[in-house]
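Notes follow the structure.
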Amino acid sequence: MKYKDYYEVLGVARDAGPDDIKRAYKRLARKFHPDVSKEQDAEERFKEVGEAYDVLRDKEKRATYDNLGSSWHAGDEFSPPPGWQFTGNVGGGFSGEKFDFSDFLDSMFGGSAPHGDPFGVHSQRAHRRGGDERATVVITLEEAFHGGERSLSLNSGRGAARKLKVKIPVGVREGQQIRLAGQGRAGPGSQPGDLYLAVEFAKHPLFSAQGSDIHMNLPIAPWEAALGATVKVPTLGGKVDLKIPAGSQSGRKLRLKAKGLGGPKAGDQYMTLQIVTPAADSEAAKRIYQSMAEEFDFDPRKNI
């Protein structure tokens with residue numbers, strides 16, 4: 001069987017930290033997602049990236065994988081360590097034609113060990129749990145705020161697409177994972193693994209999320225900034241009143257407490273003020289601006 005270099009798959013160094021591995025996975029999973037990628041081998045690459053991440057993100061799995069040695073290169077013919085043996089439904093013993101590197105690692109991570117096994121693992125393939133799978137689900141900020149249920153179609157490379165119902169937890173954050181028990185890869189003669197859906201947020205016309213907090217730019221008129229005002233502003237839960245202090249400037253941030261994403265600890269909503277100047281597109285408007293220029297002793301550039 002051929003050795004798989006999971007570090008090469010993710011494009012990271014062998015001493016890469018957890019954050020580097022996670023960033024590489026997110027970038028590649030987005031690039032090769034079968035629903036959006038135009039690459040011919042997108043589905044296979046997507047599965048390969050998920051498989052690499054599954055191993056390297058887990059401290060114990062990564063240590064076991066690293067113990068195989070760093071001298072192997074992707075595509076090298078790989079032989080299991082001395083003392084390792086496979087028993088199962090392929091006729092007994094190890095078969096390089098029917099048993100690939102992914103199966104070998106699955107057996108190491110999922111089996112029980114007889115005395116003397118050099119890696120402390122032993123596979124009874126017919127009785128082991130199936131592998132976990134990973135995919136991405138893109139949701140709106142409104143879905144994250146209110147929660148609910150989403151129907152999706154998942155193409156896992158095992159024939160026709162699967163139809164699944166996914167419960168969106170209230171206040172779910174981007175980057176969190178939703179676990180669907182028993183919806184992963186099937187194990188021969190055993191229960192399937194789990195499916196983990198990494199949450200991504202669709203682009204929103206008004207809001208952006210940073211953790212549990214929601215941010216937006218709020219346009220205001222010059223007189224609202226100068227005199228102060230109470231204006232209606234949108235939130236994910238509906239419009240609310242916001243008091244703008246007199247003398248506000250563009251760039252000032254105002255906070256609406258607990259108006260961000262919910263959950264155990266609700267986030268806040270932050271509005272960045274942006275003063276919008278009316279156009280001088282009529283004679284009356286021009287006269288007003290000329291009057292302001294004459295009335296105010298104001299130089300916005302006096303400090304530069």
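Starting from 1 in every chain, residues are counted up; chains themselves are A, B, ... following the order of the structure tokens, and ligands are numbered from 1 as listed.
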Can you tell me, as a list in words, what residues are no more than 6 Å from stretch 247-256 of chain A when counting only C-alpha atoms, ignoring any on the same chain fewer than 6 positions away?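 Close residues of stretch 247-256 of chain A: Ala225, Ala226, Asp268, Gln269, Tyr270, Met271, Thr272, Leu273, Gln274 and Ile275 of chain A.
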Would you kindly return, as a list in words, each protein, DNA or RNA residue with an atom no farther than 9 Å from any atom of A:Val49, considering only C-alpha atoms and excluding same-chain residues fewer than 3 positions away? Tyr6, Val9, Leu10, Tyr25, Leu28, Ala29, Phe32, Glu44, Arg45, Phe46, Ala52, Tyr53 and Asp54 of chain A
For A:Asp194, which of A:Arg134, A:Arg150, A:Lys26, A:Arg62 is the closest residue, counting only C-alpha atoms?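 Nearest to A:Asp194: A:Arg134.
When the distance limit is 10 Å and only C-alpha atoms are what count, the residues near A:Glu174, minus those fewer than 3 positions from it on the same chain, are Val138, Ile139, Leu141, Ala144, Gly171, Gln177, Ala198, Val199, Glu200, Phe201, Ala202, Ala209, Gln210, Gly211 and Ser212 of chain A.
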Please identify all polymer residues within 12 Å of A:Ala266, counting only C-alpha atoms, omitting same-chain residues fewer than 4 positions from it, and present them as a short mmCIF file (atom, residue, chain, number, x, y, z; two decimals) with C-alpha atoms, in the first residue's frame.
data_model
loop_
_atom_site.label_atom_id
_atom_site.label_comp_id
_atom_site.auth_asym_id
_atom_site.auth_seq_id
_atom_site.Cartn_x
_atom_site.Cartn_y
_atom_site.Cartn_z
CA PHE A 145 -29.17 33.78 15.83
CA VAL A 170 -29.02 28.93 18.80
CA GLY A 171 -25.92 31.12 18.93
CA VAL A 172 -23.61 28.76 17.03
CA ARG A 173 -20.31 30.47 16.16
CA GLY A 211 -17.02 35.41 17.73
CA SER A 212 -20.37 36.06 19.37
CA ASP A 213 -20.33 39.81 18.62
CA ILE A 214 -22.04 41.41 15.63
CA LEU A 256 -26.03 47.41 22.07
CA LYS A 257 -25.57 44.98 24.94
CA ALA A 258 -26.61 41.33 24.39
CA LYS A 259 -27.83 42.00 20.84
CA GLY A 260 -25.24 39.72 19.22
CA LEU A 261 -25.39 35.94 18.86
CA GLY A 262 -27.02 34.13 21.76
#
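For the pair atom CA of A:Arg185 and atom CA of A:Val36, the interatomic distance is 22.2 Å.
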Do you have the atom CA of A:Lys22-atom CA of A:Gly175 distance handy? 9.8 Å
Mind checking DSSP for stretch 134-249 of chain A and telling me the strand (DSSP E or B) residues as a count of residues only? 52
